[in-house]
Amino acid sequence: AQSVTQLDSQVPVFEEAPVELRCNYSSSVSVYLFWYVQYPNQGLQLLLKYLSGSTLVESINGFEAEFNKSQTSFHLRKPSVHISDTAEYFCAVSEAWSGNTPLVFGKGTRLSVIA
Amino acid sequence: GAVVSQHPSRVICKSGTSVKIECRSLDFQATTMFWYRQFPKKSLMLMATSNEGSKATYEQGVEKDKFLINHASLTLSTLTVTSAHPEDSSFYICSASRGQETQYFGPGTRLLVL
């Protein structure tokens with residue numbers, strides 16, 4: 001079984017400042033890793049994912065995450081945040097190479113960008 | 001591509017009634033659909049996994065007679081909350097997978113039971 005820990009429940013940051021949202025996971029097998037974003041009263045949108053290959057993955061809106069196997073981490077970063085980045089961010093894992101396996105989510109981190 | 005819709009987006013019902021929530025994959029065939037429940041300011045909790053044409057697999061602690069799931073086609077899954085009670089009030093989210101590693105989520109349904 002897998003588990004996900006998001007160490008920070010809330011992260012306030014000023015606009016245009018950098019941000020890092022932390023995610024650590026635990027698993028006895030290989031995993032796929034995901035970051036999802038949820039805006040108020042909406043469903044989840046896939047931000048980025050790591051399946052294999054390059055450990056650094058990027059999204060189209062400036063976020064990036066790096067898979068670190070030795071530290072079992074998949075922290076999300078953005079060098080300069082915008083007000084529109086204010087949302088709830090969820091880190092999730094699923095068992096690799098197993099087809100349609102469900103996602104295991106962390107508890108989420110609320111990113112609040114302050115003008 | 002990979003759009004998932006849910007209907008209704010919000011529903012208010014009286015205690016004791018049943019509510020049906022639909023989850024549709026609009027532009028792809030979903031071999032597997034998942035149903036999650038999200039409590040306020042909490043993470044998503046997997047309720048069940050449903051594969052087209054077969055019975056859903058429920059997570060431990062989820063009452064299968066209360067939360068009826070039907071996955072009748074490759075584009076539609078339904079969740080029926082039977083004899084709803086106030087404690088069933090929550091945000092229900094479905095996701096769909098087309099046989100690969102990525103799940104695509106619906107916009108969610110907010111259920112309020114009075």
# chains A, B, ... in the order shown; residues from 1 in each chain; ligands from 1

$ interface_residues --of "chain B" --to "chain A" --cutoff "8 Å" --atoms "only C-alpha atoms" --output "JSON, numbers by chain"
{"B": [32, 34, 42, 43, 44, 45, 46, 49, 93, 97, 99, 100, 101, 104, 105, 106, 107, 108]}

$ residues_around --residues "stretch 60-64 of chain A" --least-positions-apart "6" --cutoff "12 Å" --atoms "only C-alpha atoms" --output "MDAnalysis selection string"
chainID A and resid 18:21 34:37 46:50 74:82 84:85 89

$ closest_residue --among "A:Ser54, A:Gln6, A:Tyr25, A:Tyr39" --to "A:Gln71" --atoms "only C-alpha atoms"
A:Tyr25

$ atom_distance --atom1 "atom CA of B:Ser83" --atom2 "atom CA of B:Ser54"
23.9 Å

$ residues_around --residues "B:Val113" --least-positions-apart "6" --cutoff "10 Å" --atoms "only C-alpha atoms" --output "mmCIF file with N, CA and C atoms, in the first residue's frame"
data_model
loop_
_atom_site.group_PDB
_atom_site.id
_atom_site.type_symbol
_atom_site.label_atom_id
_atom_site.label_comp_id
_atom_site.auth_asym_id
_atom_site.auth_seq_id
_atom_site.Cartn_x
_atom_site.Cartn_y
_atom_site.Cartn_z
ATOM 1 N N VAL B 11 -26.932 19.399 -5.444
ATOM 2 C CA VAL B 11 -28.254 18.847 -5.173
ATOM 3 C C VAL B 11 -28.536 18.952 -3.684
ATOM 4 N N ILE B 12 -29.762 19.382 -3.412
ATOM 5 C CA ILE B 12 -30.262 19.439 -2.045
ATOM 6 C C ILE B 12 -31.457 18.506 -1.954
ATOM 7 N N CYS B 13 -31.462 17.640 -0.964
ATOM 8 C CA CYS B 13 -32.563 16.686 -0.857
ATOM 9 C C CYS B 13 -32.965 16.511 0.599
ATOM 10 N N LYS B 14 -34.127 15.944 0.785
ATOM 11 C CA LYS B 14 -34.612 15.668 2.123
ATOM 12 C C LYS B 14 -34.044 14.349 2.635
ATOM 13 N N SER B 15 -33.906 14.253 3.916
ATOM 14 C CA SER B 15 -33.419 13.025 4.527
ATOM 15 C C SER B 15 -34.351 11.865 4.188
ATOM 16 N N GLY B 16 -33.791 10.747 3.808
ATOM 17 C CA GLY B 16 -34.580 9.572 3.461
ATOM 18 C C GLY B 16 -34.784 9.361 1.980
ATOM 19 N N THR B 17 -34.495 10.369 1.192
ATOM 20 C CA THR B 17 -34.656 10.226 -0.258
ATOM 21 C C THR B 17 -33.356 9.697 -0.874
ATOM 22 N N VAL B 19 -30.573 9.876 -4.146
ATOM 23 C CA VAL B 19 -30.013 10.833 -5.095
ATOM 24 C C VAL B 19 -29.079 10.099 -6.058
ATOM 25 N N ALA B 84 -30.680 8.870 1.837
ATOM 26 C CA ALA B 84 -29.641 9.810 2.261
ATOM 27 C C ALA B 84 -29.943 10.410 3.630
ATOM 28 N N HIS B 85 -28.890 10.643 4.378
ATOM 29 C CA HIS B 85 -28.986 11.284 5.692
ATOM 30 C C HIS B 85 -28.033 12.468 5.732
ATOM 31 N N PRO B 86 -28.215 13.369 6.673
ATOM 32 C CA PRO B 86 -27.345 14.561 6.729
ATOM 33 C C PRO B 86 -25.858 14.231 6.745
ATOM 34 N N GLU B 87 -25.478 13.115 7.329
ATOM 35 C CA GLU B 87 -24.046 12.779 7.372
ATOM 36 C C GLU B 87 -23.497 12.368 6.003
ATOM 37 N N ASP B 88 -24.389 12.164 5.038
ATOM 38 C CA ASP B 88 -23.955 11.861 3.668
ATOM 39 C C ASP B 88 -23.642 13.132 2.884
ATOM 40 N N SER B 89 -23.941 14.271 3.474
ATOM 41 C CA SER B 89 -23.631 15.540 2.808
ATOM 42 C C SER B 89 -22.127 15.637 2.590
ATOM 43 N N SER B 90 -21.761 15.918 1.363
ATOM 44 C CA SER B 90 -20.338 15.921 1.029
ATOM 45 C C SER B 90 -20.158 16.375 -0.409
#

$ residues_around --residues "B:Val4" --least-positions-apart "3" --cutoff "6 Å" --atoms "only C-alpha atoms" --output "list of chain:residue names"
B:Arg24, B:Ser25, B:Leu26, B:Gly106

$ write_last_selection --atoms "N, CA, C and O atoms" --output "short mmCIF file (atom, residue, chain, number, x, y, z; two decimals), in the first residue's frame"
data_model
loop_
_atom_site.label_atom_id
_atom_site.label_comp_id
_atom_site.auth_asym_id
_atom_site.auth_seq_id
_atom_site.Cartn_x
_atom_site.Cartn_y
_atom_site.Cartn_z
N ARG B 24 -19.82 11.16 -16.61
CA ARG B 24 -19.67 10.81 -18.03
C ARG B 24 -18.30 11.21 -18.56
O ARG B 24 -17.81 12.30 -18.28
N SER B 25 -17.70 10.33 -19.32
CA SER B 25 -16.50 10.68 -20.07
C SER B 25 -16.98 11.13 -21.45
O SER B 25 -17.62 10.37 -22.16
N LEU B 26 -16.70 12.37 -21.79
CA LEU B 26 -17.32 12.98 -22.97
C LEU B 26 -16.61 12.66 -24.28
O LEU B 26 -17.23 12.62 -25.33
N GLY B 106 -13.95 14.64 -12.81
CA GLY B 106 -15.12 15.46 -13.05
C GLY B 106 -15.09 16.68 -12.14
O GLY B 106 -14.26 16.78 -11.24
#

$ select_by_dssp --residues "chain B" --states "strand (DSSP E or B)" --output "PyMOL selection string"
chain B and resi 4-7+10-13+19-25+32-38+44-51+57-58+67-73+76-81+90-97+104-105+109-113

$ atom_distance --atom1 "atom CA of B:Ser73" --atom2 "atom CA of B:Ser9"
21.2 Å

$ atom_distance --atom1 "atom CA of A:Ser59" --atom2 "atom CA of A:Glu16"
17.5 Å
